[in-house]
Amino acid sequence: MRVPIRHISGHLVWSTQGTVWALYRLHPGPDAQGRVEETVQGTYAPAAVRDEQLVKITHLVRSLSGAPRLFGICAQVDPGEIALRMIEGIEPAAQAAGAGQHPWVENVEATLDLLDDQEMHRRTLWLAVPLQTESAGMQVHASLGAVWSELSLMLGMRPAPVARREVNACHEQASRVEASLAGGVAFRPARPAEIVWLFQHAVHRGLAEPLLSEAEGSELYGGHVRGGVLRSPSYADLGQVRLQEGGVDSDLDDVEELRSAGQLTRSGRKAWWRLNAGSPLGRRWMQVETDAGVGYQAQLALAECPPAVGQDAADLFAQLELLDFPVDYAVDLALVPAEKARDQVRRKKNELIDQADQYDARPTGMPASLTEAARDLGELDARLSRTSVEVEVQSVTVLTVWGPTAAVCDARARALAALLGGADYRAVRPAGLQEALFMLGLPGTVRPGVVREFTQHQVSEDWALSGAFTATEVGDPNGMFLGLDLDSGTTRPVMINVADAPKVDASASMGIVGDLGAGKSVLQKLIAEAVWARGGCAICIDRTPVREWATFARTAATGRVQIIDAAQAQVSIDPLRMFDGPEGRHYALSYLTLQLGIGPMSTNGEVLHHAVEQATAGPEPSMHRVLMILEEMSASEVGKRQDAAATLAGLIRVVATNPLARMVFDPTLPPVRLDASSSTDMIVITTAGLKLPPQAAFDKPEVLHQQPLEALIGRAVLYLIAAIARQTAFEDPSRFTAVVLDELYWLTSSAEGTALVHELLHDGRKHGAGLIAGSHDAEELGPDRGLMAYRALARTADRERARRGLEFVGLDPGDPELLRLVTTGLSPVGRKGREGEFLLTCPRQNTGRVKVSIPRIPRITTSITTTPGRRTPASPSAPEPPAHEATGPKELV
């Protein structure tokens, strides 16, 4: 194969045909300095976003001129790349001797096992713009250079160098092209190694190809100006490739018989029907042989487009992502100004009039196709006349599929043609033109004249609707492996990184909405496990009677978990024993005023404040000490203060004798340790057994005071639990902490729980903390749910709740297709293998459909699900060893 490259300088390519091309990477994402170039678009986007994207692409097309070329390339992804992205940003932990490997290593290895031997790729977009040579002298010089490149190849000599003056002139022209592209899609100049990678990818389709991630950071292949001329390294090795249309495949042909037929058989001079080989018309693929092996490719040309198509169905190139194999596309564009295009339309109208006159003389009359053609030309003329900046896009589109064998390649080509045919697009595999179409997909080549018959004519807006410039992505660039992208037919991993969100000035909070059994708890547990395994901390409030989070934490974070059971009272949550100084006084006084239902500015409030101050100033502050001080005041004080102290002491003793309040007032229990950063990675607070007043009681104080004692104690204890969660989450901003609240309605039904959610959402980012909340309805996430940057919507059968869920993730709640997807299309009940499907939105506002994957790690799989009969049974009321008996890095209770 002849390499069409003479020289590369930065993102400029001097071709052997005498042209100079500027190559750009579209939608580049983070650049070398880590700056985010743009907001990545997801598969699902609101109508306003799609309209804005259409305007940008239309503007981009109109700003181009000449004959640019667009490449949509599927870059091969290696599982090792996913592993590197999973460990990106994680500092190696200082493990003690014999502590074993880093806990995140097990997750990375499980992901590698899952993705091994999977066909993975990522869509990349490239734009090649030919530069126009201004002066006649430079045109002559370029032509002579192209002629010399042809001769030097035959003579074994180096290509002619390019003068510094020409290099500077071309870079100046490229800067003007970049100025005209501004305002469209994000882009950056391609690197020399990336340009070479485009050639390497083209010849290695169906084989193990060089990775784009390596080319993105490579400094090779670029030319340099020395001695006043541009000199480049040799690109001859790129041409060490044999191309053969309809090549031999051992699975389809009798290779031994073909070999015995001699060399004449391979050149086609011997009759093919005398051999055990298929007809050349049926062998419409190209065999590509490199030093890495033999691959098979099929080039399909878009031969016919529907005359009219709706906006929702016009995204031709987006439909390619639905196939279970990758498809490359190259679109050679010829942009014709509106005035010139109108002249062509007028000539076609005149030709139609002549044809109509000819048909009038026939008995059969004029065919209906002429009338339709006249109508289409009239509409095209009207649209071209609407604005002077309009252009007609004359495009030749080549679609490429490949496979390790000719049979696989042929099957994929047929599947692609069938998909396009279902949308009224006709794609053909022209025999004898496979190599010509292949060369069209290489940067630096001119359009072969034989492919002009496949030219399609559209105005800029209609062509922009095809989605050729659109790239979709869901999730974050790195982090935990969450699952797979369901909007991609091939394996495409999805990653999220809630811990890094505060570092990029985004909220780390996540809201998960869905029906019972839709997978909310599993998703929360996977995120919580990833947070602690990656070096963070997770605090979980578990209200389930089976204590599912406690069971999961014991197995998933063995030795690094502290479980606080609010009903069994094995540890103390006395605020004066947990917190020091002013914090302890604040939480103690707030708890007591809430528990006793008194005002802080009343006589009772003043006496209570004095008792808390005295207890804090003592040697061993505790809530039991507050009770003792109140009893002493009732004997020593006089008047109203004596009566208030006696009343408060009596009320507190009533509460303290209740088993639910024992963990607050029993001084013999060991206190909870809040040094999570040094001793534990997961703190689980189980609230099974606690009761709360009904939500309606909070609006009427007289009704609230009439609630049972257990409900009033539960409300006050919940305040202390919220204080523990808040204090631990905000303790160390350098270590990310996730506060996990499942079935959030139980917590937000009280003012104390709502205050915790409010504070986490508003102040969590600056303290390196985030809220991971799950509920059955988006409204249950509270009025501040709009501050959640991560949002997930699972199956929701109720249509009203589904509409609220769609609005929560930022999609149109009135879209009937989206409504059908949420109510019946996500994790259908009873369909094995469809569990864990979500609509996921991340801080970059990219929404897509994902399937959550549970790592094949025994410590996780044994206790993560809550489906009856599938989880490992555990006794929720089994006694736990007290915290003061735990030694070393063991489980703390």
# chains A, B, ... in the order shown; residues from 1 in each chain; ligands from 1
>>> residues_around(residues="stretch 115-121 of chain A", least_positions_apart="4", cutoff="7 Å", atoms="only C-alpha atoms", output="JSON, numbers by chain")
{"A": [74, 75, 76, 77, 79, 111, 490, 491, 492]}
>>> select_by_dssp(residues="stretch 475-724 of chain A", states="strand (DSSP E)", output="JSON, numbers by chain")
{"A": [480, 481, 482, 483, 484, 485, 493, 494, 495, 496, 510, 511, 512, 513, 537, 538, 539, 540, 541, 542, 561, 562, 563, 564, 565, 682, 683, 684, 685, 686]}
>>> write_last_selection(atoms="C-alpha atoms", output="PDB file, in the first residue's frame")
ATOM      1  CA  MET A 480     -15.291   2.985  39.969  1.00  0.00           C
ATOM      2  CA  PHE A 481     -16.478   0.580  37.291  1.00  0.00           C
ATOM      3  CA  LEU A 482     -20.248   0.891  37.617  1.00  0.00           C
ATOM      4  CA  GLY A 483     -21.473  -1.249  34.722  1.00  0.00           C
ATOM      5  CA  LEU A 484     -22.087  -1.204  30.980  1.00  0.00           C
ATOM      6  CA  ASP A 485     -23.636   1.317  28.619  1.00  0.00           C
ATOM      7  CA  PRO A 493     -17.757   0.408  30.391  1.00  0.00           C
ATOM      8  CA  VAL A 494     -19.360   3.143  32.500  1.00  0.00           C
ATOM      9  CA  MET A 495     -17.456   4.720  35.376  1.00  0.00           C
ATOM     10  CA  ILE A 496     -18.433   7.231  38.047  1.00  0.00           C
ATOM     11  CA  MET A 510     -26.501  11.390  44.357  1.00  0.00           C
ATOM     12  CA  GLY A 511     -30.225  10.707  44.277  1.00  0.00           C
ATOM     13  CA  ILE A 512     -31.598   7.297  43.244  1.00  0.00           C
ATOM     14  CA  VAL A 513     -35.297   6.897  42.479  1.00  0.00           C
ATOM     15  CA  CYS A 537     -15.312   6.736  54.409  1.00  0.00           C
ATOM     16  CA  ALA A 538     -18.990   5.731  54.253  1.00  0.00           C
ATOM     17  CA  ILE A 539     -21.631   6.426  56.902  1.00  0.00           C
ATOM     18  CA  CYS A 540     -24.848   4.470  56.433  1.00  0.00           C
ATOM     19  CA  ILE A 541     -28.124   4.915  58.327  1.00  0.00           C
ATOM     20  CA  ASP A 542     -29.979   1.608  58.097  1.00  0.00           C
ATOM     21  CA  VAL A 561     -16.599  -1.368  60.129  1.00  0.00           C
ATOM     22  CA  GLN A 562     -18.312   0.091  63.194  1.00  0.00           C
ATOM     23  CA  ILE A 563     -21.968  -0.799  63.730  1.00  0.00           C
ATOM     24  CA  ILE A 564     -24.156   1.299  66.012  1.00  0.00           C
ATOM     25  CA  ASP A 565     -27.427  -0.403  66.879  1.00  0.00           C
ATOM     26  CA  MET A 682     -17.675   2.230  57.238  1.00  0.00           C
ATOM     27  CA  ILE A 683     -20.003   3.307  60.040  1.00  0.00           C
ATOM     28  CA  VAL A 684     -23.457   1.735  59.992  1.00  0.00           C
ATOM     29  CA  ILE A 685     -26.153   3.117  62.274  1.00  0.00           C
ATOM     30  CA  THR A 686     -29.156   0.808  62.475  1.00  0.00           C
TER      31      THR A 686
END
>>> residues_around(residues="A:Asp732", least_positions_apart="4", cutoff="9 Å", atoms="only C-alpha atoms", output="PyMOL selection string")
chain A and resi 677+728+736-737+767-768
>>> closest_residue(among="A:Asp237, A:Glu109, A:Asp315, A:Glu88", to="A:Ile5", atoms="only C-alpha atoms")
A:Asp237
>>> residues_around(residues="A:Leu207", least_positions_apart="5", cutoff="9 Å", atoms="only C-alpha atoms", output="PyMOL selection string")
chain A and resi 292-295+403-404
>>> closest_residue(among="A:Ser9, A:Arg414, A:Ala797, A:Ala330", to="A:Val829", atoms="only C-alpha atoms")
A:Ala797
>>> closest_residue(among="A:Cys305, A:Leu335, A:Val393, A:Leu712", to="A:Ala427", atoms="only C-alpha atoms")
A:Cys305
>>> residues_around(residues="A:Thr824", least_positions_apart="5", cutoff="12 Å", atoms="only C-alpha atoms", output="ChimeraX atom specification")
/A:515,518,794-799,802,816-819,829-831,834,837
>>> decode(residues="stretch 63-74 of chain A", atoms="all heavy atoms", output="mmCIF file, in the first residue's frame")
data_model
loop_
_atom_site.group_PDB
_atom_site.id
_atom_site.type_symbol
_atom_site.label_atom_id
_atom_site.label_comp_id
_atom_site.auth_asym_id
_atom_site.auth_seq_id
_atom_site.Cartn_x
_atom_site.Cartn_y
_atom_site.Cartn_z
ATOM 1 N N SER A 63 -19.508 27.175 8.241
ATOM 2 C CA SER A 63 -18.242 27.892 8.358
ATOM 3 C C SER A 63 -17.121 27.231 7.578
ATOM 4 O O SER A 63 -16.083 27.850 7.335
ATOM 5 C CB SER A 63 -17.840 28.010 9.830
ATOM 6 O OG SER A 63 -17.585 26.726 10.383
ATOM 7 N N LEU A 64 -17.319 25.967 7.195
ATOM 8 C CA LEU A 64 -16.300 25.266 6.417
ATOM 9 C C LEU A 64 -16.409 25.651 4.947
ATOM 10 O O LEU A 64 -17.415 26.210 4.502
ATOM 11 C CB LEU A 64 -16.462 23.749 6.579
ATOM 12 C CG LEU A 64 -16.245 23.186 7.986
ATOM 13 C CD1 LEU A 64 -16.627 21.717 8.037
ATOM 14 C CD2 LEU A 64 -14.798 23.376 8.427
ATOM 15 N N SER A 65 -15.381 25.318 4.217
ATOM 16 C CA SER A 65 -15.380 25.581 2.780
ATOM 17 C C SER A 65 -14.544 24.520 2.096
ATOM 18 O O SER A 65 -13.763 23.802 2.749
ATOM 19 C CB SER A 65 -14.829 26.983 2.473
ATOM 20 O OG SER A 65 -13.489 27.106 2.925
ATOM 21 N N GLY A 66 -14.682 24.422 0.802
ATOM 22 C CA GLY A 66 -13.877 23.468 0.052
ATOM 23 C C GLY A 66 -14.401 22.059 0.211
ATOM 24 O O GLY A 66 -15.604 21.799 0.088
ATOM 25 N N ALA A 67 -13.477 21.119 0.490
ATOM 26 C CA ALA A 67 -13.830 19.692 0.560
ATOM 27 C C ALA A 67 -13.267 19.068 1.822
ATOM 28 O O ALA A 67 -12.323 18.259 1.770
ATOM 29 C CB ALA A 67 -13.321 18.965 -0.681
ATOM 30 N N PRO A 68 -13.782 19.419 3.002
ATOM 31 C CA PRO A 68 -13.301 18.786 4.241
ATOM 32 C C PRO A 68 -13.777 17.339 4.332
ATOM 33 O O PRO A 68 -14.652 16.902 3.578
ATOM 34 C CB PRO A 68 -13.930 19.652 5.337
ATOM 35 C CG PRO A 68 -15.164 20.197 4.710
ATOM 36 C CD PRO A 68 -14.839 20.402 3.261
ATOM 37 N N ARG A 69 -13.207 16.633 5.276
ATOM 38 C CA ARG A 69 -13.553 15.223 5.442
ATOM 39 C C ARG A 69 -13.684 14.916 6.924
ATOM 40 O O ARG A 69 -12.848 15.335 7.734
ATOM 41 C CB ARG A 69 -12.486 14.329 4.813
ATOM 42 C CG ARG A 69 -12.885 12.866 4.669
ATOM 43 C CD ARG A 69 -11.850 12.099 3.856
ATOM 44 N NE ARG A 69 -11.731 12.672 2.516
ATOM 45 C CZ ARG A 69 -10.764 12.321 1.661
ATOM 46 N NH1 ARG A 69 -9.851 11.435 2.007
ATOM 47 N NH2 ARG A 69 -10.722 12.867 0.467
ATOM 48 N N LEU A 70 -14.739 14.204 7.265
ATOM 49 C CA LEU A 70 -15.023 13.844 8.655
ATOM 50 C C LEU A 70 -14.804 12.342 8.835
ATOM 51 O O LEU A 70 -15.250 11.535 8.016
ATOM 52 C CB LEU A 70 -16.459 14.213 9.025
ATOM 53 C CG LEU A 70 -16.932 13.779 10.408
ATOM 54 C CD1 LEU A 70 -16.212 14.559 11.495
ATOM 55 C CD2 LEU A 70 -18.446 13.966 10.549
ATOM 56 N N PHE A 71 -14.125 11.985 9.921
ATOM 57 C CA PHE A 71 -13.868 10.581 10.239
ATOM 58 C C PHE A 71 -14.502 10.263 11.588
ATOM 59 O O PHE A 71 -14.238 10.950 12.587
ATOM 60 C CB PHE A 71 -12.364 10.289 10.303
ATOM 61 C CG PHE A 71 -11.612 10.635 9.047
ATOM 62 C CD1 PHE A 71 -10.932 11.845 8.951
ATOM 63 C CD2 PHE A 71 -11.592 9.771 7.981
ATOM 64 C CE1 PHE A 71 -10.234 12.175 7.806
ATOM 65 C CE2 PHE A 71 -10.904 10.092 6.818
ATOM 66 C CZ PHE A 71 -10.227 11.293 6.726
ATOM 67 N N GLY A 72 -15.316 9.235 11.620
ATOM 68 C CA GLY A 72 -15.853 8.706 12.873
ATOM 69 C C GLY A 72 -15.221 7.353 13.126
ATOM 70 O O GLY A 72 -15.626 6.352 12.536
ATOM 71 N N ILE A 73 -14.231 7.308 13.987
ATOM 72 C CA ILE A 73 -13.387 6.127 14.168
ATOM 73 C C ILE A 73 -13.682 5.477 15.518
ATOM 74 O O ILE A 73 -13.754 6.172 16.545
ATOM 75 C CB ILE A 73 -11.894 6.496 14.084
ATOM 76 C CG1 ILE A 73 -11.606 7.244 12.780
ATOM 77 C CG2 ILE A 73 -11.020 5.259 14.196
ATOM 78 C CD1 ILE A 73 -11.911 6.461 11.532
ATOM 79 N N CYS A 74 -13.824 4.163 15.506
ATOM 80 C CA CYS A 74 -14.007 3.386 16.728
ATOM 81 C C CYS A 74 -12.641 2.915 17.206
ATOM 82 O O CYS A 74 -12.068 1.969 16.637
ATOM 83 C CB CYS A 74 -14.929 2.197 16.493
ATOM 84 S SG CYS A 74 -16.631 2.648 16.138
#
